[in-house]
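Below is the file run_8.txt, which contains compact mmCIF, C-alpha atoms.
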# COMPACT_ATOMS: atom_id res chain seq x y z
CA MET A 1 1.95 33.16 -1.49
CA THR A 2 0.86 29.78 -0.06
CA VAL A 3 -0.27 29.98 3.57
CA LEU A 4 -0.26 26.71 5.51
CA PHE A 5 -3.13 25.64 7.71
CA LYS A 6 -2.63 26.08 11.45
CA ARG A 7 -2.84 22.33 12.04
CA THR A 8 -0.17 21.69 9.40
CA ARG A 9 2.16 24.22 11.01
CA GLU A 10 1.63 22.59 14.41
CA LEU A 11 2.38 19.11 13.07
CA ILE A 12 5.59 20.35 11.46
CA LYS A 13 6.64 22.03 14.69
CA SER A 14 5.88 19.02 16.90
CA PRO A 15 5.79 15.82 14.84
CA THR A 16 4.36 12.95 16.83
CA GLY A 17 6.40 9.79 17.32
CA VAL A 18 9.75 11.58 17.38
CA ASP A 19 11.28 12.36 20.76
CA LYS A 20 14.97 13.17 21.09
CA ARG A 21 15.39 14.26 17.47
CA GLN A 22 12.18 16.26 17.21
CA ALA A 23 13.96 19.54 16.40
CA ILE A 24 15.91 17.88 13.58
CA MET A 25 12.77 16.20 12.28
CA SER A 26 10.84 19.46 12.40
CA ALA A 27 13.56 21.33 10.51
CA ALA A 28 13.81 18.65 7.82
CA LEU A 29 10.04 18.47 7.34
CA SER A 30 9.83 22.26 7.25
CA THR A 31 12.44 22.35 4.49
CA GLN A 32 10.53 19.79 2.45
CA VAL A 33 7.30 21.74 2.88
CA THR A 34 8.97 24.95 1.76
CA HIS A 35 10.08 23.22 -1.44
CA LEU A 36 6.55 21.90 -2.05
CA MET A 37 5.13 25.38 -1.53
CA ASN A 38 7.62 26.82 -4.00
CA ASP A 39 6.67 24.14 -6.52
CA GLY A 40 3.07 25.33 -6.42
CA TRP A 41 1.25 22.73 -4.32
CA VAL A 42 -1.92 24.09 -2.65
CA PRO A 43 -2.21 24.08 1.18
CA LYS A 44 -4.54 21.05 1.25
CA ALA A 45 -2.00 19.06 -0.76
CA ILE A 46 0.81 20.00 1.59
CA ALA A 47 -1.36 19.10 4.57
CA ALA A 48 -1.90 15.68 3.00
CA TYR A 49 1.87 15.24 2.63
CA VAL A 50 2.54 16.17 6.26
CA ASP A 51 -0.28 13.89 7.45
CA GLU A 52 1.20 10.97 5.51
CA ILE A 53 4.46 11.37 7.38
CA VAL A 54 3.33 12.15 10.93
CA ASN A 55 0.60 9.49 10.85
CA ASN A 56 3.07 6.76 9.94
CA GLU A 57 2.96 4.28 12.82
CA GLN A 58 6.63 3.45 12.29
CA LEU A 59 7.79 7.05 12.72
CA ASN A 60 10.36 7.43 15.49
CA ASP A 61 13.86 8.79 16.09
CA GLN A 62 15.45 5.88 14.22
CA THR A 63 13.12 5.75 11.21
CA MET A 64 12.45 9.43 10.57
CA ASN A 65 15.14 9.92 7.90
CA ARG A 66 13.99 6.88 5.95
CA ILE A 67 10.33 7.91 6.14
CA LEU A 68 11.10 11.48 5.09
CA SER A 69 13.20 10.26 2.16
CA GLU A 70 10.69 7.65 0.96
CA ASN A 71 7.76 10.04 1.07
CA TRP A 72 9.74 12.77 -0.66
CA ILE A 73 10.43 10.42 -3.56
CA GLU A 74 6.79 9.31 -3.73
CA ALA A 75 5.58 12.93 -3.70
CA HIS A 76 7.66 13.49 -6.83
CA ARG A 77 6.81 10.22 -8.61
CA ILE A 78 3.85 11.23 -10.74
CA GLY A 79 0.79 9.08 -10.15
CA SER A 80 2.03 7.38 -7.01
CA SER A 81 -0.58 6.82 -4.31
CA LEU A 82 0.82 9.75 -2.32
CA PHE A 83 1.03 12.02 -5.37
CA THR A 84 -2.61 11.34 -6.23
CA THR A 85 -3.68 11.90 -2.63
CA MET A 86 -1.93 15.28 -2.66
CA PHE A 87 -3.31 16.17 -6.09
CA THR A 88 -6.92 15.51 -5.09
CA ALA A 89 -6.72 16.70 -1.47
CA GLY A 90 -9.55 19.09 -0.61
CA PHE A 91 -10.87 19.12 -4.18
CA HIS A 92 -14.49 20.23 -4.50
CA ARG A 93 -16.38 19.17 -7.60
CA GLY A 94 -16.84 21.94 -10.12
CA GLY A 95 -15.53 23.34 -13.39
CA VAL A 96 -13.54 26.21 -11.91
CA PRO A 97 -11.89 24.13 -9.13
CA ALA A 98 -11.00 21.47 -11.71
CA ALA A 99 -9.39 24.04 -14.01
CA ASP A 100 -7.45 25.48 -11.08
CA ARG A 101 -6.22 22.06 -9.96
CA LEU A 102 -5.09 21.19 -13.49
CA GLU A 103 -3.26 24.53 -13.66
CA MET A 104 -1.48 23.57 -10.44
CA LEU A 105 -0.38 20.35 -12.11
CA TYR A 106 0.90 22.21 -15.16
CA GLU A 107 2.89 24.52 -12.90
CA LEU A 108 4.40 21.56 -11.05
CA PHE A 109 5.52 20.03 -14.34
CA GLY A 110 6.76 23.32 -15.77
CA MET A 111 4.58 22.86 -18.84
CA THR A 112 4.99 25.31 -21.71
CA VAL A 113 4.12 25.32 -25.40
CA SER A 114 7.04 25.68 -27.80
CA SER A 115 7.09 27.50 -31.13
CA THR A 116 6.36 24.15 -32.80
CA ASN A 117 3.23 23.63 -30.68
CA PHE A 118 5.02 20.91 -28.71
CA VAL A 119 4.17 20.79 -25.01
CA ARG A 120 7.37 20.67 -22.99
CA MET A 121 7.78 19.75 -19.34
CA SER A 122 10.71 21.69 -17.93
CA ARG A 123 10.52 19.80 -14.62
CA LEU A 124 10.14 16.26 -15.96
CA GLY A 125 13.23 14.50 -14.66
CA ASP A 126 15.08 11.44 -15.83
CA TRP A 127 14.37 8.79 -13.19
CA TYR A 128 17.75 7.15 -13.59
CA SER A 129 19.61 10.44 -13.06
CA ARG A 130 17.68 11.51 -9.96
CA ASP A 131 20.44 10.65 -7.48
CA LYS A 132 22.94 12.76 -9.39
CA ILE A 133 20.80 15.91 -9.27
CA LYS A 134 20.72 17.49 -5.80
CA ASP A 135 19.57 21.07 -6.37
CA GLU A 136 16.50 20.52 -8.54
CA ASP A 137 12.97 19.60 -7.48
CA LEU A 138 11.91 17.50 -10.45
CA TYR A 139 8.98 15.17 -11.02
CA TYR A 140 9.24 11.70 -12.55
CA PHE A 141 7.20 9.23 -14.58
CA HIS A 142 8.21 5.80 -13.32
CA LEU A 143 6.33 2.61 -12.47
CA GLU A 144 8.37 -0.14 -10.85
CA THR A 145 5.78 -2.71 -9.79
CA ILE A 146 2.32 -3.85 -10.82
CA THR A 147 1.03 -2.15 -7.65
CA ASP A 148 2.52 1.09 -8.95
CA VAL A 149 0.60 0.52 -12.20
CA GLN A 150 -2.64 0.01 -10.29
CA ASP A 151 -2.06 3.21 -8.31
CA TYR A 152 -1.30 5.05 -11.54
CA PHE A 153 -4.62 4.00 -13.06
CA GLU A 154 -6.35 5.83 -10.21
CA PHE A 155 -4.33 8.96 -11.01
CA ILE A 156 -5.38 8.81 -14.67
CA LYS A 157 -8.98 8.37 -13.57
CA GLN A 158 -8.77 11.51 -11.43
CA ILE A 159 -7.16 13.54 -14.22
CA ALA A 160 -9.85 12.45 -16.66
CA PHE A 161 -12.55 13.37 -14.14
CA MET A 162 -11.13 16.88 -13.74
CA VAL A 163 -10.80 17.40 -17.49
CA ARG A 164 -14.45 16.41 -17.91
CA LEU A 165 -15.44 18.84 -15.17
CA LYS A 166 -13.38 21.62 -16.71
CA HIS A 167 -15.07 21.14 -20.07
CA HIS A 168 -18.55 20.55 -18.62
CA ALA A 169 -18.84 17.05 -20.01
CA TRP A 170 -22.48 16.50 -19.03
CA ASN A 171 -25.73 18.40 -18.68
CA GLY A 172 -26.30 18.44 -14.93
CA ILE A 173 -25.00 16.08 -12.27
CA ARG A 174 -27.76 13.48 -12.62
CA SER A 175 -28.51 13.79 -16.30
CA LYS A 176 -27.51 10.98 -18.63
CA TYR A 177 -27.63 13.27 -21.65
CA GLU A 178 -24.16 13.50 -23.10
CA THR A 179 -22.93 16.98 -23.86
CA SER A 180 -19.55 18.61 -23.71
CA ARG A 181 -17.68 21.69 -24.70
CA GLN A 182 -14.96 20.70 -27.09
CA LEU A 183 -11.54 20.51 -25.50
CA SER A 184 -9.75 23.58 -26.79
CA THR A 185 -6.41 23.98 -24.99
CA ILE A 186 -3.08 22.66 -26.21
CA MET A 187 -1.89 21.58 -22.76
CA ASP A 188 -5.08 19.67 -21.95
CA ASN A 189 -4.81 17.87 -25.27
CA GLN A 190 -1.14 16.95 -25.20
CA LEU A 191 -1.18 15.98 -21.53
CA ARG A 192 -2.93 12.79 -22.71
CA TYR A 193 0.27 11.63 -24.44
CA TYR A 194 2.48 12.23 -21.42
CA LEU A 195 0.01 10.35 -19.21
CA SER A 196 0.51 7.15 -21.18
CA LYS A 197 4.32 7.37 -21.05
CA PRO A 198 5.01 5.49 -17.78
CA VAL A 199 2.65 2.66 -18.73
CA VAL A 200 4.36 2.33 -22.11
CA ASP A 201 7.77 2.34 -20.42
CA PHE A 202 6.63 -0.33 -17.96
CA ILE A 203 5.34 -2.59 -20.74
CA LEU A 204 8.50 -2.20 -22.81
CA ARG A 205 10.79 -2.73 -19.84
CA ASN A 206 9.00 -5.97 -19.00
CA HIS A 207 8.92 -7.12 -22.65
CA TRP A 208 5.15 -7.56 -22.61
CA HIS A 209 3.22 -8.27 -25.78
CA GLN A 210 -0.48 -7.76 -26.41
CA THR A 211 -1.47 -11.08 -24.86
CA ASP A 212 0.65 -10.38 -21.77
CA VAL A 213 -1.06 -7.03 -21.25
CA ALA A 214 -4.51 -8.57 -21.61
CA GLU A 215 -3.69 -11.32 -19.10
CA GLU A 216 -2.01 -9.04 -16.57
CA ILE A 217 -4.79 -6.45 -16.69
CA LEU A 218 -7.45 -9.12 -16.21
CA GLN A 219 -5.56 -10.47 -13.21
CA LEU A 220 -5.00 -6.98 -11.79
CA THR A 221 -8.50 -5.55 -12.23
CA GLY A 222 -10.77 -8.55 -12.70
CA THR A 223 -12.05 -6.92 -15.91
CA PRO A 224 -11.03 -7.89 -19.44
CA VAL A 225 -9.66 -5.35 -21.90
CA SER A 226 -11.79 -4.26 -24.85
CA TYR A 227 -10.98 -3.71 -28.51
CA PRO A 228 -12.51 -0.46 -29.89
CA ASN A 229 -12.32 0.80 -33.46
CA VAL A 230 -8.71 1.33 -34.53
CA ASP A 231 -9.07 3.31 -37.79
CA PHE A 232 -7.03 6.32 -36.61
CA HIS A 233 -4.11 4.10 -35.56
CA ASN A 234 -3.49 2.28 -38.82
CA ARG A 235 -1.92 5.09 -40.82
CA GLY A 236 0.39 3.57 -43.42
CA VAL A 237 -0.28 0.01 -42.25
CA VAL A 238 -0.86 -2.07 -45.38
CA ASN A 239 -3.26 -4.64 -43.94
CA LYS A 240 -4.76 -2.26 -41.35
CA ASP A 241 -4.04 -4.88 -38.71
CA ASN A 242 -2.91 -2.73 -35.80
CA VAL A 243 -5.09 -3.45 -32.78
CA LYS A 244 -6.35 -1.00 -30.17
CA VAL A 245 -6.57 -2.37 -26.62
CA ALA A 246 -8.61 -0.28 -24.20
CA LEU A 247 -7.93 -0.93 -20.53
CA PRO A 248 -10.83 -1.09 -18.05
CA GLY A 249 -12.29 2.37 -17.49
CA TYR A 250 -11.56 3.25 -21.14
CA HIS A 251 -9.06 5.96 -20.19
CA LEU A 252 -5.90 4.27 -21.41
CA GLU A 253 -5.75 2.78 -24.88
CA LEU A 254 -2.73 0.93 -26.24
CA ILE A 255 -1.86 0.10 -29.84
CA PHE A 256 -0.23 -3.18 -30.92
CA ASN A 257 0.95 -4.35 -34.34
CA ASN A 258 0.27 -7.74 -35.91
CA GLN A 259 3.24 -9.18 -34.00
CA GLY A 260 1.67 -8.18 -30.70
CA GLN A 261 4.29 -5.47 -30.16
CA LEU A 262 3.49 -2.04 -28.76
CA VAL A 263 3.23 0.92 -31.14
CA SER A 264 3.94 4.18 -29.34
CA MET A 265 5.26 7.66 -29.98
CA TRP A 266 7.40 7.21 -26.88
CA GLN A 267 9.49 4.57 -28.59
CA ALA A 268 10.41 7.21 -31.15
CA LEU A 269 10.71 10.20 -28.81
CA GLU A 270 12.83 8.32 -26.26
CA ALA A 271 15.19 7.20 -29.03
CA HIS A 272 16.01 10.89 -29.53
CA GLN A 273 15.75 12.17 -25.98
CA THR A 274 18.50 13.97 -24.10
CA VAL A 275 18.98 14.74 -20.42
CA ASN A 276 20.13 18.31 -19.81
CA GLU A 277 22.43 19.52 -17.06
CA ARG A 278 19.46 19.93 -14.70
CA GLY A 279 18.45 16.29 -15.16
CA VAL A 280 15.42 17.24 -17.25
CA LEU A 281 14.24 15.09 -20.15
CA GLU A 282 14.14 16.86 -23.51
CA PHE A 283 12.68 15.45 -26.73
CA SER A 284 13.50 16.38 -30.29
CA GLU A 285 10.75 18.36 -32.00
CA SER A 286 12.37 18.23 -35.42
CA PRO A 287 10.78 15.79 -37.91
CA GLU A 288 14.13 15.45 -39.68
CA ASP A 289 15.53 13.58 -36.68
CA TYR A 290 13.06 10.72 -37.08
CA SER A 291 13.01 7.81 -39.51
CA LEU A 292 9.85 7.01 -41.45
CA ALA A 293 9.21 4.03 -39.15
CA GLU A 294 9.49 6.31 -36.11
CA LEU A 295 7.16 8.87 -37.66
CA GLN A 296 4.64 6.07 -38.21
CA MET A 297 4.82 5.26 -34.49
CA ILE A 298 4.17 8.92 -33.68
CA ALA A 299 1.22 9.01 -36.08
CA ASN A 300 -0.36 5.80 -34.79
CA THR A 301 0.43 6.23 -31.10
CA GLU A 302 -1.60 5.33 -28.05
CA SER A 303 -3.03 8.05 -25.82
CA THR A 304 -5.16 8.63 -22.75
CA ASN A 305 -8.91 9.21 -23.10
CA TYR A 306 -10.65 11.70 -20.85
CA ALA A 307 -14.09 10.23 -21.62
CA ASN A 308 -15.34 7.11 -19.86
CA ALA A 309 -16.60 5.53 -23.07
CA GLY A 310 -17.24 6.21 -26.73
CA GLY A 311 -19.88 8.72 -27.73
CA GLN A 312 -20.28 12.48 -27.94
CA ILE A 313 -18.08 13.24 -24.93
CA HIS A 314 -15.33 11.04 -26.35
CA GLN A 315 -15.60 12.89 -29.67
CA SER A 316 -15.42 16.29 -27.97
CA LEU A 317 -12.63 15.56 -25.51
CA ASP A 318 -10.52 12.91 -27.25
CA VAL A 319 -11.14 12.52 -30.97
CA LYS A 320 -11.73 16.00 -32.42
CA PRO A 321 -8.92 17.70 -30.43
CA ALA A 322 -6.42 15.24 -31.97
CA ASN A 323 -7.47 16.20 -35.50
CA ARG A 324 -4.56 17.78 -37.35
CA HIS A 325 -6.70 20.84 -38.16
CA ALA A 326 -7.74 21.53 -34.55
CA GLY A 327 -4.49 23.35 -33.79
CA LEU A 328 -3.88 21.38 -30.58
CA GLU A 329 -1.36 18.80 -31.80
CA SER A 330 2.38 19.35 -32.10
CA ASP A 331 3.82 20.18 -35.51
CA LEU A 332 5.82 16.95 -35.18
CA ARG A 333 2.75 14.74 -34.83
CA ASN A 334 0.87 16.58 -37.59
CA TYR A 335 3.89 16.10 -39.85
CA ALA A 336 3.94 12.41 -38.96
CA LYS A 337 0.25 12.02 -39.80
CA ASN A 338 0.75 13.75 -43.15
CA GLN A 339 3.33 11.14 -44.20
CA PHE A 340 0.69 8.43 -44.27
Spit out the file's structure as structure tokens when you get a sec.
Amino acid sequence: MTVLFKRTRELIKSPTGVDKRQAIMSAALSTQVTHLMNDGWVPKAIAAYVDEIVNNEQLNDQTMNRILSENWIEAHRIGSSLFTTMFTAGFHRGGVPAADRLEMLYELFGMTVSSTNFVRMSRLGDWYSRDKIKDEDLYYFHLETITDVQDYFEFIKQIAFMVRLKHHAWNGIRSKYETSRQLSTIMDNQLRYYLSKPVVDFILRNHWHQTDVAEEILQLTGTPVSYPNVDFHNRGVVNKDNVKVALPGYHLELIFNNQGQLVSMWQALEAHQTVNERGVLEFSESPEDYSLAELQMIANTESTNYANAGGQIHQSLDVKPANRHAGLESDLRNYAKNQF
């Protein structure tokens, strides 16, 4: 059972900035915290959430409902600035703490592995249905603005850092010698595909092509994109002219065809997604539901890299785990690869 820190309990009991409605504010914040505890957030993360609210200079009797509501949404929007702050709060560098923090994330998302080796997220909600669902604490992939995208890049960076720690992706803190245990868990491997989803959705929603992405990323980060080897993303492409675009930091790679259009498994999966009665997104795992063109998107899809660059660590954490014989990919994606 999660036990809150004394300071957190005191802040919930007597939130600063609220006067006449302090009891109402305290009760509302306490309810939110109880839900976060039940979700699986660690005490440091919950403390970070409470701090974000009570330290808001605009917090008063008139603004408290708005501030509570806005922060609640941001705590459930995966990769928001607040979500990342909560996720990393109190984290101490090390393999065991990293594994534990990733397990917390998997619990939050309700991640399980199906009989077809497909990683499901039983708490991944449909953003556009969130106002209709009142009794479920779901988490959402959604980026609305370019600032949201920038915040999300930091989240990916932190995830990649923890995966490297978990798999001991170096030989000593100061050593430059690259070594790594090979990534060997299904959830760690398939998380990489989910991590790219909101960026893909953002690009498609804004009708960006390859040149747009390159220009926007340069403007956002001050660093140009790079173009690594794209052999594994040209399955079935006659002229082998798909292009891989790696964003600064190397963690997120995108695939574009010769028309400058995005190539992503999420285009295929979202074409066959459903939203269940709980507001949770579900994706078809049956190859028969997909056209050959959609299977090609699944085979050639983008993903998130846990390594910072190419090399042995990249091979161990990103390349070899995605091999169809490693046992870490879904049956759907392995089937898609086998078609080309």
For His207 in chain A, list every protein, DNA or RNA residue within 10 Å, evaluated using only C-alpha atoms, and leave out those in the same chain fewer than 5 positions away; present the list as a PyMOL selection string. chain A and resi 201-202+212+261-262
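Minimum atom-to-atom distances from A:Leu247, A:Leu220, A:Leu183, A:Ala322 to His233 in chain A were compared using all atoms listed in the file, and the lowest value belongs to A:Ala322.
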Of the candidates A:Phe5, A:Tyr128, A:Phe141, A:Phe118, which shows the shortest atom-to-atom distance to Gly79 in chain A, using all atoms listed in the file?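 Looking at the shortest contact to Gly79 in chain A, the residue is A:Phe141.
You will find CA of Gln315 in chain A at 14.2 Å from CA of Asp231 in chain A.
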Write out as a list of chain:residue names each polymer residue whose atoms come within 9 Å of range 85-92 of chain A, counting all atoms listed in the file; drop sequence neighbours fewer than 6 positions from it.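 Neighbouring residues, sequence-local ones excluded: A:Trp41, A:Val42, A:Lys44, A:Ala45, A:Ile46, A:Ala47, A:Ala48, A:Tyr49, A:Ala75, A:Ala98, A:Arg101, A:Met104, A:Leu105, A:Phe155, A:Gln158.
Straight-line separation from CA of Ala307 in chain A to CA of Leu328 in chain A: 17.6 Å.
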Any idea what the distance is between CA of Val163 in chain A and CA of Leu317 in chain A? 8.4 Å
Measuring between all atoms listed in the file, which one of A:Glu302, A:Glu277, A:Asp100, A:Glu216 shows the shortest distance to Ile146 in chain A?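 Ranking A:Glu302, A:Glu277, A:Asp100, A:Glu216 by distance to Ile146 in chain A, first place goes to A:Glu216.
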Using all atoms listed in the file for the distances, tell me which of A:Leu36, A:Val119, A:Met162, A:Ile67 is nearest to Arg93 in chain A. A:Met162
When distances are computed from only C-alpha atoms, which of A:Ser115, A:Asn38, A:Asn323, A:Asn189 shows the smallest separation from Thr304 in chain A?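 Closest residue, counting only C-alpha atoms: A:Asn189.
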Go through A:Met25, A:Val280, A:Ala214, A:Met37 and flag the residue nearest Gln62 in chain A, using all atoms listed in the file for the distances.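 Counting all atoms listed in the file, the residue closest to Gln62 in chain A is A:Met25.
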Could the centre and edge lengths of an axis-aligned box, enclosing all atoms of range 253-262 of chain A in the file with 8 Å extra on each side, be given in Å to one decimal as JSON?
{"center_x": -0.7, "center_y": -3.2, "center_z": -30.4, "size_x": 26.0, "size_y": 28.0, "size_z": 27.0}
Quick one: residues within 12 Å of Lys197 in chain A, all atoms listed in the file counted, chain neighbours fewer than 2 positions away excluded, as a PyMOL selection string? chain A and resi 78-79+124+140-143+149+152+156+190-195+199-204+252-254+264-270+301-304
Let's have the selection written as a PDB file, in the frame of the given file, with C-alpha atoms.
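Wrote selection_38.pdb, looks like this:
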ATOM      1  CA  ILE A  78       3.850  11.230 -10.740  1.00  0.00           C
ATOM      2  CA  GLY A  79       0.790   9.080 -10.150  1.00  0.00           C
ATOM      3  CA  LEU A 124      10.140  16.260 -15.960  1.00  0.00           C
ATOM      4  CA  TYR A 140       9.240  11.700 -12.550  1.00  0.00           C
ATOM      5  CA  PHE A 141       7.200   9.230 -14.580  1.00  0.00           C
ATOM      6  CA  HIS A 142       8.210   5.800 -13.320  1.00  0.00           C
ATOM      7  CA  LEU A 143       6.330   2.610 -12.470  1.00  0.00           C
ATOM      8  CA  VAL A 149       0.600   0.520 -12.200  1.00  0.00           C
ATOM      9  CA  TYR A 152      -1.300   5.050 -11.540  1.00  0.00           C
ATOM     10  CA  ILE A 156      -5.380   8.810 -14.670  1.00  0.00           C
ATOM     11  CA  GLN A 190      -1.140  16.950 -25.200  1.00  0.00           C
ATOM     12  CA  LEU A 191      -1.180  15.980 -21.530  1.00  0.00           C
ATOM     13  CA  ARG A 192      -2.930  12.790 -22.710  1.00  0.00           C
ATOM     14  CA  TYR A 193       0.270  11.630 -24.440  1.00  0.00           C
ATOM     15  CA  TYR A 194       2.480  12.230 -21.420  1.00  0.00           C
ATOM     16  CA  LEU A 195       0.010  10.350 -19.210  1.00  0.00           C
ATOM     17  CA  VAL A 199       2.650   2.660 -18.730  1.00  0.00           C
ATOM     18  CA  VAL A 200       4.360   2.330 -22.110  1.00  0.00           C
ATOM     19  CA  ASP A 201       7.770   2.340 -20.420  1.00  0.00           C
ATOM     20  CA  PHE A 202       6.630  -0.330 -17.960  1.00  0.00           C
ATOM     21  CA  ILE A 203       5.340  -2.590 -20.740  1.00  0.00           C
ATOM     22  CA  LEU A 204       8.500  -2.200 -22.810  1.00  0.00           C
ATOM     23  CA  LEU A 252      -5.900   4.270 -21.410  1.00  0.00           C
ATOM     24  CA  GLU A 253      -5.750   2.780 -24.880  1.00  0.00           C
ATOM     25  CA  LEU A 254      -2.730   0.930 -26.240  1.00  0.00           C
ATOM     26  CA  SER A 264       3.940   4.180 -29.340  1.00  0.00           C
ATOM     27  CA  MET A 265       5.260   7.660 -29.980  1.00  0.00           C
ATOM     28  CA  TRP A 266       7.400   7.210 -26.880  1.00  0.00           C
ATOM     29  CA  GLN A 267       9.490   4.570 -28.590  1.00  0.00           C
ATOM     30  CA  ALA A 268      10.410   7.210 -31.150  1.00  0.00           C
ATOM     31  CA  LEU A 269      10.710  10.200 -28.810  1.00  0.00           C
ATOM     32  CA  GLU A 270      12.830   8.320 -26.260  1.00  0.00           C
ATOM     33  CA  THR A 301       0.430   6.230 -31.100  1.00  0.00           C
ATOM     34  CA  GLU A 302      -1.600   5.330 -28.050  1.00  0.00           C
ATOM     35  CA  SER A 303      -3.030   8.050 -25.820  1.00  0.00           C
ATOM     36  CA  THR A 304      -5.160   8.630 -22.750  1.00  0.00           C
TER      37      THR A 304
END
Sphere at (10.1, 6.8, -3.5), radius 12 Å, counting all atoms listed in the file: residues as number ranges by chain: A: 66-83, 127, 130-131, 139-144, 148
Save the residues we just selected, C-alpha atoms, as a short mmCIF file (atom, residue, chain, number, x, y, z; two decimals), in the frame of the given file?
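Produced file result-v4.cif, reproduced below:
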data_model
loop_
_atom_site.label_atom_id
_atom_site.label_comp_id
_atom_site.auth_asym_id
_atom_site.auth_seq_id
_atom_site.Cartn_x
_atom_site.Cartn_y
_atom_site.Cartn_z
CA ARG A 66 13.99 6.88 5.95
CA ILE A 67 10.33 7.91 6.14
CA LEU A 68 11.10 11.48 5.09
CA SER A 69 13.20 10.26 2.16
CA GLU A 70 10.69 7.65 0.96
CA ASN A 71 7.76 10.04 1.07
CA TRP A 72 9.74 12.77 -0.66
CA ILE A 73 10.43 10.42 -3.56
CA GLU A 74 6.79 9.31 -3.73
CA ALA A 75 5.58 12.93 -3.70
CA HIS A 76 7.66 13.49 -6.83
CA ARG A 77 6.81 10.22 -8.61
CA ILE A 78 3.85 11.23 -10.74
CA GLY A 79 0.79 9.08 -10.15
CA SER A 80 2.03 7.38 -7.01
CA SER A 81 -0.58 6.82 -4.31
CA LEU A 82 0.82 9.75 -2.32
CA PHE A 83 1.03 12.02 -5.37
CA TRP A 127 14.37 8.79 -13.19
CA ARG A 130 17.68 11.51 -9.96
CA ASP A 131 20.44 10.65 -7.48
CA TYR A 139 8.98 15.17 -11.02
CA TYR A 140 9.24 11.70 -12.55
CA PHE A 141 7.20 9.23 -14.58
CA HIS A 142 8.21 5.80 -13.32
CA LEU A 143 6.33 2.61 -12.47
CA GLU A 144 8.37 -0.14 -10.85
CA ASP A 148 2.52 1.09 -8.95
#
How would range 205-209 of chain A read, as an mmCIF file, in the coordinates of the input, once all heavy atoms are built in?
data_model
loop_
_atom_site.group_PDB
_atom_site.id
_atom_site.type_symbol
_atom_site.label_atom_id
_atom_site.label_comp_id
_atom_site.auth_asym_id
_atom_site.auth_seq_id
_atom_site.Cartn_x
_atom_site.Cartn_y
_atom_site.Cartn_z
ATOM 1 N N ARG A 205 9.731 -2.260 -20.741
ATOM 2 C CA ARG A 205 10.790 -2.730 -19.840
ATOM 3 C C ARG A 205 10.582 -4.183 -19.449
ATOM 4 O O ARG A 205 11.536 -4.930 -19.218
ATOM 5 C CB ARG A 205 10.840 -1.837 -18.603
ATOM 6 C CG ARG A 205 12.099 -2.027 -17.757
ATOM 7 C CD ARG A 205 12.228 -0.958 -16.688
ATOM 8 N NE ARG A 205 11.166 -1.028 -15.702
ATOM 9 C CZ ARG A 205 10.214 -0.119 -15.565
ATOM 10 N NH1 ARG A 205 10.164 0.938 -16.377
ATOM 11 N NH2 ARG A 205 9.285 -0.242 -14.639
ATOM 12 N N ASN A 206 9.317 -4.591 -19.376
ATOM 13 C CA ASN A 206 9.000 -5.970 -19.000
ATOM 14 C C ASN A 206 8.798 -6.881 -20.203
ATOM 15 O O ASN A 206 8.442 -8.061 -20.034
ATOM 16 C CB ASN A 206 7.747 -5.992 -18.111
ATOM 17 C CG ASN A 206 8.028 -5.500 -16.706
ATOM 18 O OD1 ASN A 206 8.558 -6.230 -15.879
ATOM 19 N ND2 ASN A 206 7.691 -4.246 -16.436
ATOM 20 N N HIS A 207 9.005 -6.334 -21.403
ATOM 21 C CA HIS A 207 8.920 -7.120 -22.650
ATOM 22 C C HIS A 207 7.552 -7.771 -22.815
ATOM 23 O O HIS A 207 7.441 -8.909 -23.292
ATOM 24 C CB HIS A 207 10.024 -8.187 -22.691
ATOM 25 C CG HIS A 207 11.395 -7.623 -22.465
ATOM 26 N ND1 HIS A 207 12.050 -6.837 -23.382
ATOM 27 C CD2 HIS A 207 12.231 -7.729 -21.394
ATOM 28 C CE1 HIS A 207 13.234 -6.487 -22.916
ATOM 29 N NE2 HIS A 207 13.375 -7.002 -21.711
ATOM 30 N N TRP A 208 6.501 -7.034 -22.449
ATOM 31 C CA TRP A 208 5.150 -7.560 -22.610
ATOM 32 C C TRP A 208 4.670 -7.376 -24.042
ATOM 33 O O TRP A 208 4.944 -6.360 -24.677
ATOM 34 C CB TRP A 208 4.184 -6.842 -21.669
ATOM 35 C CG TRP A 208 4.288 -7.260 -20.231
ATOM 36 C CD1 TRP A 208 5.152 -8.154 -19.695
ATOM 37 C CD2 TRP A 208 3.495 -6.770 -19.150
ATOM 38 N NE1 TRP A 208 4.953 -8.266 -18.339
ATOM 39 C CE2 TRP A 208 3.937 -7.421 -17.971
ATOM 40 C CE3 TRP A 208 2.461 -5.847 -19.049
ATOM 41 C CZ2 TRP A 208 3.373 -7.185 -16.725
ATOM 42 C CZ3 TRP A 208 1.900 -5.599 -17.817
ATOM 43 C CH2 TRP A 208 2.347 -6.265 -16.667
ATOM 44 N N HIS A 209 3.921 -8.369 -24.519
ATOM 45 C CA HIS A 209 3.220 -8.270 -25.780
ATOM 46 C C HIS A 209 1.731 -8.063 -25.500
ATOM 47 O O HIS A 209 1.306 -7.977 -24.349
ATOM 48 C CB HIS A 209 3.447 -9.529 -26.623
ATOM 49 C CG HIS A 209 4.817 -9.590 -27.238
ATOM 50 N ND1 HIS A 209 5.969 -9.643 -26.485
ATOM 51 C CD2 HIS A 209 5.220 -9.601 -28.540
ATOM 52 C CE1 HIS A 209 7.022 -9.671 -27.284
ATOM 53 N NE2 HIS A 209 6.599 -9.662 -28.538
#
